[in-house]
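target.cif, holding mmCIF, C-alpha atoms:
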data_input
loop_
_atom_site.label_atom_id
_atom_site.label_comp_id
_atom_site.auth_asym_id
_atom_site.auth_seq_id
_atom_site.Cartn_x
_atom_site.Cartn_y
_atom_site.Cartn_z
CA MET A 290 -0.29 8.71 -40.00
CA SER A 291 -3.39 8.25 -37.93
CA ASP A 292 -6.27 6.19 -39.26
CA SER A 293 -9.52 8.11 -38.72
CA ASN A 294 -11.22 4.85 -37.68
CA PHE A 295 -8.78 4.48 -34.82
CA PRO A 296 -10.16 5.69 -31.48
CA THR A 297 -8.26 8.29 -29.49
CA ILE A 298 -6.52 6.61 -26.57
CA GLY A 299 -5.84 8.40 -23.32
CA ILE A 300 -3.08 7.18 -21.04
CA VAL A 301 -3.61 7.88 -17.35
CA SER A 302 -0.15 8.66 -15.93
CA GLY A 303 1.33 8.50 -19.39
CA THR A 304 4.52 10.29 -18.40
CA GLY A 305 6.09 7.34 -16.57
CA ARG A 306 8.22 4.65 -18.17
CA GLU A 307 5.37 2.18 -18.82
CA GLY A 308 2.99 4.89 -20.00
CA THR A 309 5.54 6.38 -22.35
CA ALA A 310 6.34 2.95 -23.76
CA LEU A 311 2.66 2.31 -24.43
CA ALA A 312 2.16 5.74 -25.98
CA THR A 313 5.13 5.08 -28.25
CA ARG A 314 3.74 1.85 -29.70
CA LEU A 315 0.15 3.09 -29.90
CA ALA A 316 1.20 6.27 -31.72
CA GLN A 317 3.47 4.22 -33.98
CA ALA A 318 0.49 2.00 -34.88
CA GLY A 319 -1.47 5.09 -35.89
CA TYR A 320 -3.62 5.81 -32.83
CA PRO A 321 -4.17 9.41 -31.73
CA VAL A 322 -2.81 9.39 -28.16
CA ILE A 323 -3.44 11.76 -25.26
CA ILE A 324 -0.79 11.59 -22.57
CA GLY A 325 -2.29 12.25 -19.15
CA SER A 326 -0.56 13.54 -16.06
CA ARG A 327 -1.56 15.20 -12.82
CA THR A 328 -0.38 18.55 -14.23
CA GLU A 329 -1.10 19.71 -17.75
CA GLU A 330 2.41 21.11 -18.09
CA ARG A 331 4.12 17.74 -17.56
CA ALA A 332 1.66 16.04 -19.93
CA LEU A 333 2.26 18.60 -22.70
CA GLN A 334 6.02 18.44 -22.24
CA LYS A 335 6.06 14.63 -22.47
CA ALA A 336 3.79 14.73 -25.55
CA ARG A 337 6.16 17.19 -27.26
CA GLU A 338 9.24 15.11 -26.37
CA LEU A 339 7.69 11.88 -27.58
CA ALA A 340 6.35 13.47 -30.78
CA ALA A 341 9.84 14.76 -31.60
CA LEU A 342 11.33 11.33 -30.94
CA LEU A 343 8.78 9.58 -33.16
CA ARG A 344 9.17 12.16 -35.95
CA ASN A 345 12.92 11.53 -35.82
CA ALA A 346 12.08 7.88 -36.42
CA GLY A 347 10.19 8.89 -39.57
CA LEU A 348 6.69 8.70 -38.09
CA ASP A 349 3.89 11.26 -38.06
CA PRO A 350 2.27 10.78 -34.64
CA THR A 351 -0.89 12.43 -33.31
CA LEU A 352 0.06 13.14 -29.71
CA SER A 353 -1.32 15.58 -27.20
CA GLY A 354 -1.24 16.12 -23.45
CA ALA A 355 -3.89 16.81 -20.81
CA THR A 356 -4.53 16.39 -17.13
CA ASN A 357 -5.65 12.86 -16.21
CA ALA A 358 -9.00 14.31 -15.12
CA GLU A 359 -9.63 16.17 -18.39
CA MET A 360 -8.50 13.19 -20.45
CA ALA A 361 -10.78 10.75 -18.61
CA GLU A 362 -13.73 12.89 -19.65
CA LYS A 363 -12.61 13.04 -23.32
CA ALA A 364 -11.06 9.75 -24.42
CA GLY A 365 -13.31 6.81 -25.27
CA VAL A 366 -10.52 4.43 -24.35
CA CYS A 367 -8.32 5.09 -21.31
CA VAL A 368 -5.28 3.02 -20.47
CA LEU A 369 -4.30 2.96 -16.78
CA SER A 370 -0.55 3.16 -16.41
CA VAL A 371 -0.43 4.03 -12.73
CA PRO A 372 2.07 2.36 -10.38
CA PHE A 373 0.36 -0.45 -8.44
CA PRO A 374 0.28 1.17 -4.99
CA HIS A 375 -1.64 4.20 -6.30
CA VAL A 376 -3.90 2.77 -9.00
CA LEU A 377 -7.13 2.33 -7.02
CA GLU A 378 -6.83 5.76 -5.43
CA SER A 379 -6.18 7.32 -8.87
CA VAL A 380 -9.16 5.58 -10.45
CA ARG A 381 -11.48 6.78 -7.68
CA LEU A 382 -10.45 10.39 -8.40
CA LEU A 383 -11.34 10.17 -12.11
CA SER A 384 -14.78 10.55 -13.73
CA PHE A 385 -14.87 8.38 -16.81
CA ARG A 386 -17.78 8.94 -19.20
CA PRO A 387 -20.31 6.12 -19.34
CA GLY A 388 -19.25 3.79 -22.15
CA THR A 389 -15.55 4.41 -21.63
CA VAL A 390 -13.37 1.33 -21.94
CA VAL A 391 -10.73 1.42 -19.21
CA ILE A 392 -7.72 -0.79 -19.98
CA ASP A 393 -5.88 -1.77 -16.84
CA THR A 394 -2.19 -2.67 -17.14
CA THR A 395 -1.39 -2.91 -13.42
CA VAL A 396 1.12 -5.44 -12.10
CA PRO A 397 0.78 -6.07 -8.36
CA VAL A 398 4.49 -6.41 -7.67
CA ALA A 399 6.78 -5.53 -4.78
CA PHE A 400 10.56 -5.61 -4.96
CA GLU A 401 12.76 -7.00 -2.20
CA GLY A 402 16.41 -6.59 -3.08
CA ARG A 403 16.93 -8.39 -6.37
CA SER A 404 13.67 -10.31 -6.23
CA ALA A 405 10.12 -9.53 -7.26
CA ARG A 406 7.13 -10.73 -5.30
CA PHE A 407 3.45 -10.94 -6.21
CA VAL A 408 1.34 -8.84 -3.86
CA ASP A 409 -1.87 -10.63 -3.00
CA THR A 410 -4.74 -8.20 -3.27
CA GLY A 411 -7.14 -10.11 -1.04
CA GLY A 412 -7.99 -12.93 -3.43
CA ARG A 413 -9.45 -10.58 -6.07
CA SER A 414 -7.46 -9.38 -9.06
CA VAL A 415 -6.48 -5.71 -9.23
CA ALA A 416 -8.64 -5.53 -12.36
CA GLU A 417 -11.74 -6.74 -10.48
CA GLN A 418 -11.14 -4.09 -7.84
CA ILE A 419 -10.82 -1.39 -10.49
CA GLN A 420 -14.06 -2.55 -12.11
CA ALA A 421 -15.74 -2.26 -8.69
CA ALA A 422 -14.32 1.26 -8.23
CA VAL A 423 -15.54 2.83 -11.51
CA SER A 424 -19.07 4.06 -12.25
CA PRO A 425 -21.64 1.71 -13.73
CA GLY A 426 -21.43 1.82 -17.52
CA VAL A 427 -17.62 2.07 -17.47
CA HIS A 428 -16.10 -1.24 -18.54
CA VAL A 429 -12.68 -2.50 -17.50
CA ALA A 430 -10.50 -4.78 -19.60
CA THR A 431 -6.90 -5.79 -18.98
CA ALA A 432 -3.94 -5.91 -21.37
CA PHE A 433 -0.20 -5.25 -21.63
CA GLN A 434 0.69 -6.40 -18.08
CA THR A 435 3.13 -9.08 -19.23
CA ILE A 436 5.24 -7.12 -21.72
CA PRO A 437 8.30 -5.30 -20.36
CA ALA A 438 8.37 -1.51 -20.82
CA ARG A 439 11.95 -1.82 -22.08
CA ILE A 440 10.79 -3.85 -25.09
CA LEU A 441 7.52 -1.99 -25.63
CA GLY A 442 9.17 1.42 -25.64
CA ASP A 443 12.03 0.52 -27.98
CA LEU A 444 10.89 0.87 -31.59
CA ASP A 445 13.84 -1.26 -32.71
CA SER A 446 12.76 -4.27 -30.59
CA PRO A 447 10.41 -6.67 -32.35
CA LEU A 448 7.58 -7.43 -29.92
CA ASP A 449 6.83 -11.00 -31.02
CA CYS A 450 4.53 -11.94 -28.14
CA ASP A 451 0.94 -12.24 -27.01
CA ILE A 452 -1.17 -9.80 -25.04
CA PHE A 453 -3.65 -11.47 -22.70
CA VAL A 454 -6.99 -9.66 -22.66
CA CYS A 455 -9.53 -10.17 -19.87
CA SER A 456 -12.88 -8.48 -19.28
CA ASP A 457 -16.34 -9.14 -17.91
CA SER A 458 -17.74 -7.04 -20.78
CA PRO A 459 -17.70 -8.72 -24.22
CA GLU A 460 -17.73 -5.26 -25.85
CA ALA A 461 -14.77 -3.95 -23.81
CA LYS A 462 -12.91 -7.16 -24.60
CA ARG A 463 -13.57 -6.75 -28.31
CA VAL A 464 -12.49 -3.09 -28.27
CA THR A 465 -9.29 -3.99 -26.41
CA MET A 466 -8.43 -6.93 -28.67
CA ASP A 467 -9.07 -4.74 -31.74
CA LEU A 468 -6.83 -2.06 -30.23
CA VAL A 469 -3.92 -4.51 -29.81
CA ARG A 470 -4.18 -6.05 -33.31
CA PRO A 471 -2.69 -3.17 -35.39
CA ILE A 472 0.47 -3.09 -33.26
CA PRO A 473 3.04 -5.10 -35.25
CA GLY A 474 4.25 -8.21 -33.42
CA LEU A 475 1.46 -8.32 -30.86
CA ARG A 476 -1.40 -10.81 -30.91
CA PRO A 477 -4.35 -10.35 -28.58
CA VAL A 478 -5.46 -13.54 -26.81
CA ASP A 479 -8.81 -13.87 -25.06
CA ALA A 480 -7.81 -14.86 -21.53
CA GLY A 481 -11.26 -14.78 -19.94
CA SER A 482 -12.90 -12.71 -17.23
CA LEU A 483 -11.54 -10.14 -14.79
CA ALA A 484 -11.31 -12.89 -12.17
CA GLU A 485 -8.94 -14.69 -14.54
CA ALA A 486 -6.88 -11.49 -14.82
CA GLY A 487 -5.41 -12.61 -11.49
CA THR A 488 -3.50 -15.27 -13.43
CA ILE A 489 -2.17 -12.68 -15.87
CA GLU A 490 -1.17 -10.33 -13.03
CA ARG A 491 0.84 -13.21 -11.53
CA MET A 492 2.37 -14.01 -14.94
CA ALA A 493 3.57 -10.42 -15.15
CA VAL A 494 5.35 -10.84 -11.82
CA LEU A 495 6.80 -14.13 -13.11
CA ALA A 496 8.14 -12.28 -16.17
CA ILE A 497 9.79 -9.69 -13.90
CA SER A 498 11.24 -12.47 -11.70
CA MET A 499 12.63 -14.27 -14.74
CA ASN A 500 14.15 -10.98 -15.94
CA LEU A 501 15.93 -10.59 -12.60
CA ARG A 502 16.97 -14.26 -12.43
CA TYR A 503 18.24 -14.47 -16.01
CA ARG A 504 19.60 -10.88 -16.00
CA VAL A 505 17.59 -9.77 -19.02
CA LYS A 506 14.83 -7.18 -19.45
CA SER A 507 12.89 -8.85 -22.20
CA ALA A 508 10.98 -11.90 -20.85
CA ARG A 509 7.45 -12.08 -22.20
CA PHE A 510 5.00 -14.78 -23.28
CA ARG A 511 3.74 -16.39 -26.43
CA VAL A 512 1.02 -19.00 -26.51
CA VAL A 513 1.98 -21.87 -28.79
CA GLY A 514 -0.78 -23.93 -30.41
CA LEU A 515 -3.51 -21.27 -30.66
CA MET B 532 18.20 -46.64 -26.44
CA SER B 533 18.62 -45.66 -22.84
CA ASP B 534 21.60 -43.59 -21.78
CA SER B 535 23.14 -45.18 -18.68
CA ASN B 536 23.65 -41.72 -17.18
CA PHE B 537 19.91 -41.10 -17.30
CA PRO B 538 18.17 -41.74 -13.97
CA THR B 539 15.25 -44.14 -13.79
CA ILE B 540 12.02 -42.19 -13.53
CA GLY B 541 8.96 -43.53 -11.78
CA ILE B 542 5.54 -42.19 -12.64
CA VAL B 543 2.99 -42.32 -9.83
CA SER B 544 -0.35 -43.11 -11.48
CA GLY B 545 1.36 -43.54 -14.80
CA THR B 546 -1.56 -45.40 -16.38
CA GLY B 547 -3.76 -42.32 -16.86
CA ARG B 548 -3.71 -40.04 -19.87
CA GLU B 549 -1.22 -37.52 -18.44
CA GLY B 550 1.02 -40.20 -16.97
CA THR B 551 1.09 -42.19 -20.18
CA ALA B 552 1.89 -39.05 -22.17
CA LEU B 553 4.81 -38.26 -19.86
CA ALA B 554 6.07 -41.84 -19.94
CA THR B 555 5.96 -41.72 -23.74
CA ARG B 556 8.18 -38.64 -24.04
CA LEU B 557 10.54 -39.65 -21.23
CA ALA B 558 11.04 -43.11 -22.73
CA GLN B 559 11.47 -41.57 -26.18
CA ALA B 560 14.21 -39.30 -24.78
CA GLY B 561 16.02 -42.38 -23.45
CA TYR B 562 15.00 -42.50 -19.80
CA PRO B 563 14.28 -45.84 -18.16
CA VAL B 564 10.67 -45.41 -16.98
CA ILE B 565 8.69 -47.30 -14.35
CA ILE B 566 4.95 -46.91 -14.73
CA GLY B 567 3.24 -46.98 -11.36
CA SER B 568 -0.32 -47.93 -10.54
CA ARG B 569 -2.27 -49.06 -7.53
CA THR B 570 -2.18 -52.63 -8.84
CA GLU B 571 0.90 -54.25 -10.33
CA GLU B 572 -1.18 -55.91 -13.02
CA ARG B 573 -2.44 -52.61 -14.49
CA ALA B 574 1.06 -51.12 -14.33
CA LEU B 575 2.62 -54.07 -16.16
CA GLN B 576 -0.12 -54.10 -18.76
CA LYS B 577 0.28 -50.37 -19.48
CA ALA B 578 4.09 -50.74 -19.65
CA ARG B 579 3.72 -53.59 -22.19
CA GLU B 580 1.21 -51.61 -24.29
CA LEU B 581 3.36 -48.50 -24.32
CA ALA B 582 6.56 -50.44 -25.05
CA ALA B 583 4.87 -52.07 -28.06
CA LEU B 584 3.65 -48.68 -29.30
CA LEU B 585 7.10 -47.12 -28.98
CA ARG B 586 8.82 -50.09 -30.64
CA ASN B 587 6.37 -49.71 -33.54
CA ALA B 588 7.60 -46.12 -33.79
CA GLY B 589 11.15 -47.45 -34.18
CA LEU B 590 12.27 -46.80 -30.60
CA ASP B 591 13.86 -49.14 -28.06
CA PRO B 592 12.31 -48.05 -24.75
CA THR B 593 13.19 -49.27 -21.25
CA LEU B 594 9.79 -49.51 -19.61
CA SER B 595 8.55 -51.49 -16.64
CA GLY B 596 5.60 -51.49 -14.29
CA ALA B 597 5.23 -51.60 -10.51
CA THR B 598 2.83 -50.62 -7.77
CA ASN B 599 3.09 -46.95 -6.83
CA ALA B 600 4.31 -48.00 -3.37
CA GLU B 601 7.09 -50.26 -4.68
CA MET B 602 8.14 -47.68 -7.26
CA ALA B 603 8.34 -44.86 -4.70
CA GLU B 604 10.90 -46.92 -2.79
CA LYS B 605 12.97 -47.65 -5.90
CA ALA B 606 13.06 -44.66 -8.27
CA GLY B 607 15.34 -41.73 -7.48
CA VAL B 608 13.01 -39.45 -9.38
CA CYS B 609 9.23 -39.82 -9.07
CA VAL B 610 6.78 -37.85 -11.18
CA LEU B 611 3.34 -37.33 -9.64
CA SER B 612 0.64 -37.74 -12.25
CA VAL B 613 -2.31 -38.08 -9.91
CA PRO B 614 -5.60 -36.25 -10.61
CA PHE B 615 -5.80 -33.10 -8.47
CA PRO B 616 -8.50 -34.19 -6.03
CA HIS B 617 -6.47 -37.23 -4.95
CA VAL B 618 -2.87 -36.08 -5.10
CA LEU B 619 -2.30 -35.13 -1.44
CA GLU B 620 -3.94 -38.31 -0.20
CA SER B 621 -1.83 -40.38 -2.61
CA VAL B 622 1.41 -38.69 -1.58
CA ARG B 623 0.68 -39.33 2.11
CA LEU B 624 0.34 -43.06 1.38
CA LEU B 625 3.77 -43.33 -0.29
CA SER B 626 7.17 -43.69 1.40
CA PHE B 627 9.74 -41.99 -0.77
CA ARG B 628 13.38 -42.70 0.03
CA PRO B 629 15.29 -39.76 1.51
CA GLY B 630 16.93 -37.92 -1.39
CA THR B 631 14.14 -38.70 -3.82
CA VAL B 632 13.18 -35.85 -6.13
CA VAL B 633 9.41 -35.73 -6.45
CA ILE B 634 8.22 -33.86 -9.55
CA ASP B 635 4.71 -32.56 -9.13
CA THR B 636 2.65 -31.98 -12.28
CA THR B 637 -0.70 -31.25 -10.60
CA VAL B 638 -3.14 -28.74 -12.06
CA PRO B 639 -5.77 -27.56 -9.55
CA VAL B 640 -8.63 -27.36 -12.01
CA ALA B 641 -12.36 -27.98 -11.84
CA PHE B 642 -14.64 -28.18 -14.85
CA GLU B 643 -18.05 -26.57 -15.02
CA GLY B 644 -19.76 -27.33 -18.31
CA ARG B 645 -17.44 -26.08 -21.03
CA SER B 646 -15.33 -23.93 -18.72
CA ALA B 647 -12.33 -24.62 -16.52
CA ARG B 648 -11.84 -22.95 -13.18
CA PHE B 649 -8.77 -22.61 -10.94
CA VAL B 650 -9.38 -24.22 -7.56
CA ASP B 651 -7.87 -22.11 -4.82
CA THR B 652 -6.00 -24.36 -2.43
CA GLY B 653 -6.06 -21.99 0.51
CA GLY B 654 -3.49 -19.49 -0.72
CA ARG B 655 -0.69 -22.08 -0.93
CA SER B 656 0.26 -23.82 -4.16
CA VAL B 657 -0.47 -27.54 -4.48
CA ALA B 658 3.29 -28.01 -4.75
CA GLU B 659 3.91 -26.35 -1.37
CA GLN B 660 1.32 -28.62 0.20
CA ILE B 661 2.97 -31.69 -1.31
CA GLN B 662 6.37 -30.57 0.00
CA ALA B 663 4.79 -30.24 3.46
CA ALA B 664 3.30 -33.75 3.16
CA VAL B 665 6.48 -35.68 2.26
CA SER B 666 9.21 -36.77 4.68
CA PRO B 667 12.15 -34.48 5.41
CA GLY B 668 14.91 -35.16 2.87
CA VAL B 669 12.44 -35.66 0.03
CA HIS B 670 12.50 -32.63 -2.28
CA VAL B 671 9.61 -31.48 -4.43
CA ALA B 672 9.97 -29.66 -7.74
CA THR B 673 7.27 -28.83 -10.27
CA ALA B 674 7.22 -29.24 -14.04
CA PHE B 675 5.00 -30.20 -16.99
CA GLN B 676 1.79 -28.60 -15.61
CA THR B 677 1.29 -26.30 -18.59
CA ILE B 678 1.71 -28.73 -21.48
CA PRO B 679 -1.40 -30.54 -22.71
CA ALA B 680 -1.37 -34.35 -22.51
CA ARG B 681 -2.66 -34.47 -26.08
CA ILE B 682 0.53 -32.83 -27.38
CA LEU B 683 2.89 -34.51 -24.94
CA GLY B 684 1.62 -37.99 -25.72
CA ASP B 685 1.65 -37.64 -29.50
CA LEU B 686 5.12 -38.42 -30.84
CA ASP B 687 4.23 -36.68 -34.11
CA SER B 688 3.50 -33.32 -32.39
CA PRO B 689 6.52 -31.05 -32.04
CA LEU B 690 6.52 -29.75 -28.44
CA ASP B 691 8.08 -26.34 -29.08
CA CYS B 692 7.41 -24.84 -25.65
CA ASP B 693 8.86 -24.15 -22.22
CA ILE B 694 8.53 -26.13 -19.02
CA PHE B 695 8.44 -23.97 -15.89
CA VAL B 696 10.42 -25.53 -13.04
CA CYS B 697 9.93 -24.45 -9.42
CA SER B 698 11.50 -25.80 -6.25
CA ASP B 699 12.69 -24.72 -2.83
CA SER B 700 15.65 -27.12 -3.26
CA PRO B 701 18.37 -25.95 -5.67
CA GLU B 702 19.41 -29.60 -6.18
CA ALA B 703 15.87 -30.80 -6.98
CA LYS B 704 15.49 -27.86 -9.36
CA ARG B 705 18.75 -28.77 -11.11
CA VAL B 706 17.78 -32.46 -11.39
CA THR B 707 14.37 -31.51 -12.83
CA MET B 708 15.74 -28.99 -15.32
CA ASP B 709 18.35 -31.55 -16.44
CA LEU B 710 15.60 -34.12 -16.84
CA VAL B 711 13.59 -31.85 -19.15
CA ARG B 712 16.52 -30.80 -21.35
CA PRO B 713 16.99 -34.04 -23.38
CA ILE B 714 13.32 -34.03 -24.46
CA PRO B 715 13.34 -32.50 -27.97
CA GLY B 716 11.39 -29.26 -28.20
CA LEU B 717 11.20 -28.59 -24.46
CA ARG B 718 13.25 -25.95 -22.67
CA PRO B 719 13.30 -25.87 -18.87
CA VAL B 720 12.88 -22.39 -17.38
CA ASP B 721 13.70 -21.59 -13.75
CA ALA B 722 10.43 -20.17 -12.45
CA GLY B 723 11.41 -19.78 -8.81
CA SER B 724 10.25 -21.34 -5.56
CA LEU B 725 7.32 -23.63 -4.70
CA ALA B 726 5.35 -20.54 -3.64
CA GLU B 727 5.76 -19.27 -7.20
CA ALA B 728 4.45 -22.61 -8.48
CA GLY B 729 1.04 -21.12 -7.69
CA THR B 730 1.50 -18.90 -10.76
CA ILE B 731 2.34 -21.90 -12.94
CA GLU B 732 -0.63 -23.87 -11.58
CA ARG B 733 -2.87 -20.95 -12.60
CA MET B 734 -1.18 -20.75 -16.03
CA ALA B 735 -2.03 -24.41 -16.56
CA VAL B 736 -5.69 -23.64 -15.90
CA LEU B 737 -5.41 -20.67 -18.28
CA ALA B 738 -4.05 -23.03 -20.97
CA ILE B 739 -7.00 -25.37 -20.43
CA SER B 740 -9.43 -22.41 -20.57
CA MET B 741 -7.87 -21.17 -23.81
CA ASN B 742 -8.15 -24.68 -25.25
CA LEU B 743 -11.86 -24.72 -24.48
CA ARG B 744 -12.41 -21.13 -25.69
CA TYR B 745 -10.46 -21.53 -28.94
CA ARG B 746 -11.57 -25.16 -29.47
CA VAL B 747 -8.06 -26.54 -29.66
CA LYS B 748 -6.15 -28.98 -27.44
CA SER B 749 -2.69 -27.59 -27.90
CA ALA B 750 -2.29 -24.27 -26.02
CA ARG B 751 1.01 -24.04 -24.19
CA PHE B 752 3.58 -21.37 -23.37
CA ARG B 753 6.90 -20.15 -24.60
CA VAL B 754 8.87 -17.39 -22.93
CA VAL B 755 10.22 -14.95 -25.52
CA GLY B 756 13.36 -12.96 -24.70
CA LEU B 757 15.12 -15.43 -22.40
#
Rendering of file as structure tokens:
Amino acid sequence: MSDSNFPTIGIVSGTGREGTALATRLAQAGYPVIIGSRTEERALQKARELAALLRNAGLDPTLSGATNAEMAEKAGVCVLSVPFPHVLESVRLLSFRPGTVVIDTTVPVAFEGRSARFVDTGGRSVAEQIQAAVSPGVHVATAFQTIPARILGDLDSPLDCDIFVCSDSPEAKRVTMDLVRPIPGLRPVDAGSLAEAGTIERMAVLAISMNLRYRVKSARFRVVGL
Amino acid sequence: MSDSNFPTIGIVSGTGREGTALATRLAQAGYPVIIGSRTEERALQKARELAALLRNAGLDPTLSGATNAEMAEKAGVCVLSVPFPHVLESVRLLSFRPGTVVIDTTVPVAFEGRSARFVDTGGRSVAEQIQAAVSPGVHVATAFQTIPARILGDLDSPLDCDIFVCSDSPEAKRVTMDLVRPIPGLRPVDAGSLAEAGTIERMAVLAISMNLRYRVKSARFRVVGL
């Protein structure tokens, strides 16, 4: 069931583990979702697979596939689900329409054996750098960095956590917080500007580190007292 | 009631709001607490005030007062509760005994009007800089940065959150996590090394920012899925 008031959400690199997990929950919540990939074939295949999986779970998802480039020109809201080392390069190759809200989910992490390390991106958050890389009129917000794909993609796992939303655009922040709200178990929290997204990017690495240290795959955050 | 297995805990600058809040909960949990101040008179006065307050709440606290310098030489565990701008200078003036565990609670925050801003301390966490400033054999751990003094100091507020503990010394980390555990409503979480304390210092500023943005004084964190 997709609510006609719900915007269509494109997922750049939606065929990976994080992208698929996001598509799963967004489609479950009723959003029409376009899965993006470099090739249309892979995007369509993943959309078909995921649609079958969700229908098996009793849902009626609205899922389609497209190239990242085509999707960026169509969707009013695009979620970036590109692995950290490639995200800036990918963004520079896409032409988002003016007015598009781009939701960055990037975690600047590097793995060394069984430990995860925050990768300093020159004192500016990844999100700030993405905002600097897109055309004027395209507004970046951040969300979903701190929730593990394993939990997000598993419809049987209650989410029960907060999503920290940062943006320099009040409108993009509002759109992103409204987008999170219908997903059961998630609460959007206003976490400030894109400069402050640096804190959230580090928290995502902390969550990964705690997962490795405590041998779980489920560490995520809830703000108490809000 | 103080458990004789509980170490005595000194609080450097224990007469301020944060220090008093910490002393309150530590004494409530049964720790003998020494409140430190630059002058013995202020320390003793604060210890008397706090003891009276806790006895009125039906507790039997073990509280005393001393100069910061005297306390640093006596207590096996010293909590730093010094405002950020002065903490390094204060630490350099103290002579901790070898083997002392120094628990840093510093939040590198600056206020501008109604907003709070993280103060970058040159790419290294405050905690790393404190470890570099103390004598060899003195081990720094971090804790309590992300819990608001208002909640910590109010015996009627359930705490219901996690305390992130970082250290480069496994022994100091263990001592600090063990110290947190008896405080009802707090769970210690191993958050890694002193380099990773930079993430927790930023999270503390995020909590303060959320407090200002949402007009509360209670924002704190819980890790879900651990």
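If you look at CA of Phe453 in chain A and CA of Ala432 in chain A, they are 5.7 Å away from each other.
Within 8 Å of the point (11.2, -28.7, -25.7) in file coordinates, and counting all atoms listed in the file, lie the residues Leu690, Asp691, Cys692, Asp693, Ile694, Val711, Arg712, Ile714, Pro715, Gly716, Leu717, Arg718 and Pro719 of chain B.
CA of Ile497 in chain A lies 12.8 Å from CA of Val755 in chain B.
For the structure shown here, the set of residues caught by the PyMOL selection byres ((chain B and resi 725) around 8) is B:Ser656, B:Ala658, B:Glu659, B:Ala672, B:Thr673, B:Cys697, B:Ser698, B:Asp699, B:Gly723, B:Ser724, B:Ala726, B:Glu727, B:Ala728, B:Gly729.
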When the cut-off is 8 Å and we count only C-alpha atoms, which residues of chain B are near chain A, given as a PDB file with C-alpha atoms, keeping the file's coordinate frame?
ATOM      1  CA  ASP B 691       8.080 -26.340 -29.080  1.00  0.00           C
ATOM      2  CA  CYS B 692       7.410 -24.840 -25.650  1.00  0.00           C
ATOM      3  CA  ASP B 721      13.700 -21.590 -13.750  1.00  0.00           C
ATOM      4  CA  ALA B 722      10.430 -20.170 -12.450  1.00  0.00           C
ATOM      5  CA  GLY B 723      11.410 -19.780  -8.810  1.00  0.00           C
ATOM      6  CA  GLU B 727       5.760 -19.270  -7.200  1.00  0.00           C
ATOM      7  CA  THR B 730       1.500 -18.900 -10.760  1.00  0.00           C
ATOM      8  CA  ARG B 733      -2.870 -20.950 -12.600  1.00  0.00           C
ATOM      9  CA  MET B 734      -1.180 -20.750 -16.030  1.00  0.00           C
ATOM     10  CA  LEU B 737      -5.410 -20.670 -18.280  1.00  0.00           C
ATOM     11  CA  SER B 740      -9.430 -22.410 -20.570  1.00  0.00           C
ATOM     12  CA  MET B 741      -7.870 -21.170 -23.810  1.00  0.00           C
ATOM     13  CA  ASN B 742      -8.150 -24.680 -25.250  1.00  0.00           C
ATOM     14  CA  TYR B 745     -10.460 -21.530 -28.940  1.00  0.00           C
ATOM     15  CA  VAL B 747      -8.060 -26.540 -29.660  1.00  0.00           C
ATOM     16  CA  LYS B 748      -6.150 -28.980 -27.440  1.00  0.00           C
ATOM     17  CA  SER B 749      -2.690 -27.590 -27.900  1.00  0.00           C
ATOM     18  CA  ALA B 750      -2.290 -24.270 -26.020  1.00  0.00           C
ATOM     19  CA  ARG B 751       1.010 -24.040 -24.190  1.00  0.00           C
ATOM     20  CA  PHE B 752       3.580 -21.370 -23.370  1.00  0.00           C
ATOM     21  CA  ARG B 753       6.900 -20.150 -24.600  1.00  0.00           C
ATOM     22  CA  VAL B 754       8.870 -17.390 -22.930  1.00  0.00           C
ATOM     23  CA  VAL B 755      10.220 -14.950 -25.520  1.00  0.00           C
ATOM     24  CA  GLY B 756      13.360 -12.960 -24.700  1.00  0.00           C
ATOM     25  CA  LEU B 757      15.120 -15.430 -22.400  1.00  0.00           C
TER      26      LEU B 757
END
I need the residue set behind the PyMOL selection byres ((chain B and resi 616-631) around 9) for this file; please write it as a ChimeraX atom specification. /B:543,599-609,611-615,632-633,637,639,657,660-661,664-671,703
